[in-house]
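A.B. asks: My structure file start.cif, mmCIF, C-alpha atoms, is below:
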```cif
data_data
loop_
_atom_site.group_PDB
_atom_site.id
_atom_site.type_symbol
_atom_site.label_atom_id
_atom_site.label_comp_id
_atom_site.auth_asym_id
_atom_site.auth_seq_id
_atom_site.Cartn_x
_atom_site.Cartn_y
_atom_site.Cartn_z
ATOM 1 C CA MET U 1 -12.539 33.898 -7.858
ATOM 2 C CA SER U 2 -15.923 33.021 -9.225
ATOM 3 C CA GLY U 3 -14.773 30.027 -11.238
ATOM 4 C CA GLU U 4 -15.908 31.480 -14.605
ATOM 5 C CA GLU U 5 -14.972 34.515 -16.626
ATOM 6 C CA ASN U 6 -16.042 36.009 -19.917
ATOM 7 C CA VAL U 7 -13.836 35.477 -22.925
ATOM 8 C CA PRO U 8 -12.900 38.877 -24.389
ATOM 9 C CA GLY U 9 -14.109 39.623 -27.893
ATOM 10 C CA ASN U 10 -17.233 37.467 -27.723
ATOM 11 C CA GLY U 11 -19.526 40.035 -26.260
ATOM 12 C CA GLY U 12 -19.853 37.971 -23.107
ATOM 13 C CA LYS U 13 -21.575 35.063 -24.884
ATOM 14 C CA ARG U 14 -19.073 32.337 -24.163
ATOM 15 C CA LYS U 15 -17.673 31.665 -20.722
ATOM 16 C CA ARG U 16 -14.677 29.549 -19.769
ATOM 17 C CA SER U 17 -13.855 28.067 -16.433
ATOM 18 C CA VAL U 18 -10.872 29.425 -14.566
ATOM 19 C CA LYS U 19 -8.783 26.839 -12.764
ATOM 20 C CA VAL U 20 -7.781 27.787 -9.258
ATOM 21 C CA PRO U 21 -4.121 26.860 -8.749
ATOM 22 C CA VAL U 22 -3.270 24.394 -6.022
ATOM 23 C CA MET U 23 -0.507 26.655 -4.827
ATOM 24 C CA GLU U 24 -2.813 29.400 -3.588
ATOM 25 C CA GLY U 25 -3.442 30.209 0.021
ATOM 26 C CA GLN U 26 -0.109 31.545 1.259
ATOM 27 C CA THR U 27 1.195 35.062 1.302
ATOM 28 C CA GLU U 28 4.792 35.892 0.512
ATOM 29 C CA GLU U 29 5.439 36.577 4.182
ATOM 30 C CA GLU U 30 4.143 33.122 5.184
ATOM 31 C CA ARG U 31 6.273 31.484 2.522
ATOM 32 C CA ARG U 32 9.342 33.443 3.624
ATOM 33 C CA ALA U 33 8.784 32.410 7.260
ATOM 34 C CA LEU U 34 8.352 28.764 6.198
ATOM 35 C CA ARG U 35 11.619 28.821 4.234
ATOM 36 C CA LYS U 36 13.387 30.399 7.213
ATOM 37 C CA LYS U 37 12.135 27.603 9.505
ATOM 38 C CA GLN U 38 13.191 24.965 6.965
ATOM 39 C CA ARG U 39 16.696 26.408 6.745
ATOM 40 C CA ALA U 40 16.857 26.495 10.551
ATOM 41 C CA ILE U 41 16.005 22.769 10.675
ATOM 42 C CA LEU U 42 18.732 22.017 8.121
ATOM 43 C CA ASP U 43 21.250 24.003 10.170
ATOM 44 C CA ARG U 44 20.221 22.206 13.384
ATOM 45 C CA VAL U 45 20.505 18.784 11.679
ATOM 46 C CA ASN U 46 24.009 19.652 10.480
ATOM 47 C CA ASP U 47 25.049 21.070 13.879
ATOM 48 C CA ARG U 48 23.566 18.225 15.958
ATOM 49 C CA HIS U 49 24.722 15.462 13.598
ATOM 50 C CA ALA U 50 26.836 13.666 16.183
ATOM 51 C CA GLU U 51 24.056 13.866 18.784
ATOM 52 C CA MET U 52 21.400 12.647 16.339
ATOM 53 C CA ILE U 53 23.431 9.568 15.422
ATOM 54 C CA GLN U 54 23.463 8.314 19.004
ATOM 55 C CA LEU U 55 20.902 5.547 19.492
ATOM 56 C CA ASP U 56 19.887 6.649 22.978
ATOM 57 C CA SER U 57 19.228 10.270 21.922
ATOM 58 C CA ASN U 58 15.810 11.720 20.994
ATOM 59 C CA ALA U 59 17.309 14.444 18.806
ATOM 60 C CA TYR U 60 16.689 12.463 15.615
ATOM 61 C CA ALA U 61 12.995 11.978 16.351
ATOM 62 C CA GLU U 62 12.588 15.657 17.327
ATOM 63 C CA GLU U 63 14.093 16.989 14.104
ATOM 64 C CA ARG U 64 12.208 14.496 11.964
ATOM 65 C CA GLU U 65 8.892 15.459 13.587
ATOM 66 C CA SER U 66 9.546 19.186 13.250
ATOM 67 C CA ASN U 67 10.334 18.702 9.543
ATOM 68 C CA ASN U 68 7.138 16.685 9.078
ATOM 69 C CA LYS U 69 5.071 19.453 10.706
ATOM 70 C CA LEU U 70 6.572 22.050 8.391
ATOM 71 C CA PHE U 71 5.864 19.868 5.361
ATOM 72 C CA GLU U 72 2.127 20.169 6.022
ATOM 73 C CA ASN U 73 2.397 23.865 5.061
ATOM 74 C CA VAL U 74 4.416 23.330 1.857
ATOM 75 C CA ARG U 75 2.443 24.459 -1.212
ATOM 76 C CA PHE U 76 5.108 25.716 -3.632
ATOM 77 C CA THR U 77 8.026 23.996 -5.318
ATOM 78 C CA ARG U 78 10.574 26.359 -3.808
ATOM 79 C CA GLU U 79 9.652 25.257 -0.312
ATOM 80 C CA LEU U 80 9.428 21.667 -1.536
ATOM 81 C CA GLY U 81 13.075 21.874 -2.614
ATOM 82 C CA ASN U 82 14.056 23.006 0.870
ATOM 83 C CA ASP U 83 12.067 20.136 2.353
ATOM 84 C CA GLY U 84 13.917 17.738 0.051
ATOM 85 C CA ASP U 85 17.248 19.048 1.326
ATOM 86 C CA ASN U 86 16.059 18.457 4.882
ATOM 87 C CA LEU U 87 14.981 14.916 3.997
ATOM 88 C CA VAL U 88 18.383 14.145 2.515
ATOM 89 C CA ALA U 89 20.146 15.363 5.668
ATOM 90 C CA ILE U 90 17.765 13.459 7.964
ATOM 91 C CA GLY U 91 18.071 10.362 5.763
ATOM 92 C CA THR U 92 21.849 10.484 6.029
ATOM 93 C CA VAL U 93 21.529 10.498 9.811
ATOM 94 C CA ALA U 94 19.107 7.559 9.608
ATOM 95 C CA VAL U 95 21.601 5.520 7.562
ATOM 96 C CA GLU U 96 24.346 6.182 10.099
ATOM 97 C CA ARG U 97 22.001 5.245 12.964
ATOM 98 C CA SER U 98 21.153 1.956 11.250
ATOM 99 C CA SER U 99 24.847 1.145 10.795
ATOM 100 C CA GLN U 100 25.312 1.730 14.526
ATOM 101 C CA LEU U 101 22.443 -0.655 15.212
ATOM 102 C CA ASN U 102 24.237 -3.257 13.144
ATOM 103 C CA GLN U 103 27.446 -2.738 15.132
ATOM 104 C CA SER U 104 25.674 -2.934 18.481
ATOM 105 C CA VAL U 105 24.286 -6.418 17.786
ATOM 106 C CA ALA U 106 26.435 -9.136 19.316
ATOM 107 C CA GLN U 107 28.136 -11.288 16.722
ATOM 108 C CA TYR U 108 29.173 -14.849 17.443
ATOM 109 C CA PRO U 109 31.779 -16.879 15.577
ATOM 110 C CA ALA U 110 30.576 -20.070 13.902
ATOM 111 C CA ASN U 111 32.834 -22.267 16.085
ATOM 112 C CA ASP U 112 31.166 -20.992 19.277
ATOM 113 C CA ILE U 113 27.696 -21.641 17.853
ATOM 114 C CA MET U 114 28.585 -25.207 16.832
ATOM 115 C CA GLU U 115 30.120 -25.933 20.260
ATOM 116 C CA LYS U 116 26.936 -24.773 22.041
ATOM 117 C CA LEU U 117 24.794 -26.902 19.716
ATOM 118 C CA ARG U 118 26.903 -29.986 20.435
ATOM 119 C CA GLU U 119 26.608 -29.423 24.187
ATOM 120 C CA ARG U 120 22.858 -28.974 24.042
ATOM 121 C CA TYR U 121 22.062 -31.958 21.811
ATOM 122 C CA ARG U 122 24.805 -34.350 23.024
ATOM 123 C CA GLY U 123 22.396 -36.818 24.669
ATOM 124 C CA CYS U 124 20.064 -37.143 21.661
ATOM 125 C CA ASN U 125 20.531 -40.523 19.978
ATOM 126 C CA GLY U 126 19.802 -40.030 16.312
ATOM 127 C CA GLY U 127 17.204 -37.372 17.047
ATOM 128 C CA LEU U 128 19.678 -34.524 16.880
ATOM 129 C CA TRP U 129 18.382 -33.146 13.608
ATOM 130 C CA LEU U 130 14.749 -33.665 14.556
ATOM 131 C CA ASN U 131 15.124 -31.869 17.896
ATOM 132 C CA LEU U 132 17.210 -29.120 16.307
ATOM 133 C CA GLY U 133 14.576 -28.708 13.584
ATOM 134 C CA HIS U 134 11.794 -28.329 16.126
ATOM 135 C CA ASP U 135 13.798 -25.766 18.109
ATOM 136 C CA VAL U 136 14.636 -23.549 15.141
ATOM 137 C CA ALA U 137 11.389 -23.915 13.182
ATOM 138 C CA GLY U 138 10.087 -20.584 14.441
ATOM 139 C CA LEU U 139 13.104 -18.753 13.042
ATOM 140 C CA PHE U 140 12.348 -19.567 9.422
ATOM 141 C CA LYS U 141 9.468 -18.631 7.173
ATOM 142 C CA ALA U 142 8.155 -21.996 6.125
ATOM 143 C CA VAL U 143 4.987 -22.965 4.313
ATOM 144 C CA PRO U 144 2.337 -23.893 6.891
ATOM 145 C CA ILE U 145 1.205 -27.496 7.042
ATOM 146 C CA LEU U 146 -2.330 -28.050 5.769
ATOM 147 C CA ASN U 147 -4.331 -30.812 7.422
ATOM 148 C CA PHE U 148 -7.571 -30.392 5.537
ATOM 149 C CA MET U 149 -8.892 -30.337 2.018
ATOM 150 C CA ASN U 150 -11.354 -27.817 0.773
ATOM 151 C CA GLY U 151 -13.534 -28.647 -2.215
ATOM 152 C CA PRO U 152 -13.390 -31.392 -4.827
ATOM 153 C CA LEU U 153 -10.049 -32.492 -6.200
ATOM 154 C CA GLU U 154 -11.241 -32.543 -9.779
ATOM 155 C CA GLN U 155 -13.753 -30.213 -11.255
ATOM 156 C CA PRO U 156 -15.989 -31.646 -13.968
ATOM 157 C CA GLN U 157 -15.325 -30.224 -17.378
ATOM 158 C CA MET U 158 -18.178 -28.279 -18.859
ATOM 159 C CA GLN U 159 -19.308 -29.441 -22.273
ATOM 160 C CA LYS U 160 -19.208 -26.687 -24.815
ATOM 161 C CA LYS U 161 -22.149 -26.435 -27.132
ATOM 162 C CA LYS U 162 -21.197 -26.465 -30.735
ATOM 163 C CA ALA U 163 -22.456 -23.562 -32.719
ATOM 164 C CA VAL U 164 -24.930 -24.543 -35.399
ATOM 165 C CA ARG U 165 -24.237 -22.630 -38.536
ATOM 166 C CA ARG U 166 -26.382 -22.428 -41.573
ATOM 167 C CA GLN U 167 -24.786 -23.631 -44.704
ATOM 168 C CA LYS U 168 -24.660 -21.402 -47.695
ATOM 169 C CA GLN U 169 -27.136 -22.382 -50.370
ATOM 170 C CA ASP U 170 -26.023 -22.662 -53.940
ATOM 171 C CA GLU U 171 -27.915 -20.761 -56.599
ATOM 172 C CA ASP U 172 -28.674 -24.040 -58.347
ATOM 173 C CA ASP U 173 -30.600 -25.312 -55.341
ATOM 174 C CA GLU U 174 -33.289 -22.673 -55.798
ATOM 175 C CA PHE U 175 -34.270 -23.852 -59.271
ATOM 176 C CA GLN U 176 -35.394 -27.242 -60.481
ATOM 177 C CA ALA U 177 -33.288 -28.993 -62.981
ATOM 178 C CA THR U 178 -34.614 -28.817 -66.501
ATOM 179 C CA GLN U 179 -35.275 -31.955 -68.403
ATOM 180 C CA TYR U 180 -35.094 -32.511 -72.062
ATOM 181 C CA GLU U 181 -38.447 -33.135 -73.628
ATOM 182 C CA THR U 182 -39.458 -33.396 -77.225
ATOM 183 C CA MET U 183 -42.408 -31.474 -78.209
ATOM 184 C CA ASP U 184 -44.790 -32.265 -80.893
ATOM 185 C CA TYR U 185 -45.869 -29.214 -82.812
ATOM 186 C CA GLY U 186 -48.283 -31.011 -84.902
ATOM 187 C CA GLU U 187 -47.916 -31.986 -88.526
ATOM 188 C CA LYS U 188 -48.003 -29.532 -91.266
ATOM 189 C CA LYS U 189 -50.449 -30.190 -93.928
#
```
Please rewrite the model in this file as structure tokens.
C.D. replies:
Amino acid sequence: MSGEENVPGNGGKRKRSVKVPVMEGQTEEERRALRKKQRAILDRVNDRHAEMIQLDSNAYAEERESNNKLFENVRFTRELGNDGDNLVAIGTVAVERSSQLNQSVAQYPANDIMEKLRERYRGCNGGLWLNLGHDVAGLFKAVPILNFMNGPLEQPQMQKKKAVRRQKQDEDDEFQATQYETMDYGEKK
């Protein structure tokens, strides 16, 4: 498209710009093939669900990558809906994989942990908490210790200049006050 077209009925005087849709660039055959591949991924995710959940399997990464590659060609909402369905299925597998990760982590009862701590710090006279604190300090997000100061502690306050405003003059100030004066008009003869 040229980007401009004549408006009918104006004799070609006025032109308006034609917006090129974002969703251009794919034929119906390409879109149909893309949807077919997306449905195939969804079927594979559903069929290989048990295999994809296993932590030592690469099936999850393979299906996720193939879905990501197909997403690069998505231009229309219909194909976007299919991609969303694939994401939901892959996300469900990811949740189940994460729950397996949680189950595979060794869990220790509190009594066993306290017994090991007592054994390790038995010979510390009074320094038990200090030594324990130093050993576990790296496990916690603590505020770092600052050993320096940067800049003055107090900043001087800037003096604000007061705005000088003219006062309104009264009308009486423009004129001089009149004074009473007797006038002599001369005597009449």
A.B. asks: Quick one: what's the axis-aligned box for stretch 43-54 of chain U, all listed atoms, 5 Å on every side, centre and edges in Å to one decimal, as AutoDock Vina command-line options?
C.D. replies:
```
--center_x 23.5 --center_y 16.2 --center_z 14.6 --size_x 16.6 --size_y 25.7 --size_z 18.8
```
A.B. asks: Hey, which of U:Ser57, U:Glu72, U:Asp83, U:Asn102 ends up closest to U:Ala40? Count all atoms listed in the file.
C.D. replies: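 That would be U:Asp83, the residue with the smallest distance to U:Ala40.
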A.B. asks: Could you write out as a list of chain:residue names the residues that the PyMOL selection byres ((chain U and resi 34) around 10) matches in the shown file?
C.D. replies: U:Glu28, U:Glu29, U:Glu30, U:Arg31, U:Arg32, U:Ala33, U:Arg35, U:Lys36, U:Lys37, U:Gln38, U:Arg39, U:Ala40, U:Leu70, U:Phe71, U:Asn73, U:Val74, U:Glu79, U:Asn82
A.B. asks: What separation in Å, quoted to one decimal, exists between atom CA of U:Ile90 and atom CA of U:Asn58?
C.D. replies: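 Rounded to one decimal, the two atoms are 13.3 Å apart.
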A.B. asks: If you measure from atom CA of U:Gly138 to atom CA of U:Arg118, what distance in Å do you get, rounded to one decimal?
C.D. replies: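 Atom CA of U:Arg118 lies at a distance of 20.2 Å from atom CA of U:Gly138.
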A.B. asks: Separation of atom CA of U:Arg78 and atom CA of U:His49, in Å?
C.D. replies: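 Those two atoms sit 24.9 Å apart.
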A.B. asks: U:Ala94: which residues within 12 Å, counting only C-alpha atoms, same-chain residues fewer than 4 positions away excluded, as a count of residues only?
C.D. replies: 20
A.B. asks: Pick the closest to U:Gly91 from U:Thr182, U:Gln159, U:Asn67, U:Gln107: which is it, counting only C-alpha atoms?
C.D. replies: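 Among U:Thr182, U:Gln159, U:Asn67, U:Gln107, it is U:Asn67 that comes nearest to U:Gly91.
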A.B. asks: Measuring between only C-alpha atoms, which one of U:Glu51, U:Met114, U:Lys161, U:Ser66 shows the shortest distance to U:Arg97?
C.D. replies: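 Of the candidates, the smallest distance to U:Arg97 is held by U:Glu51.
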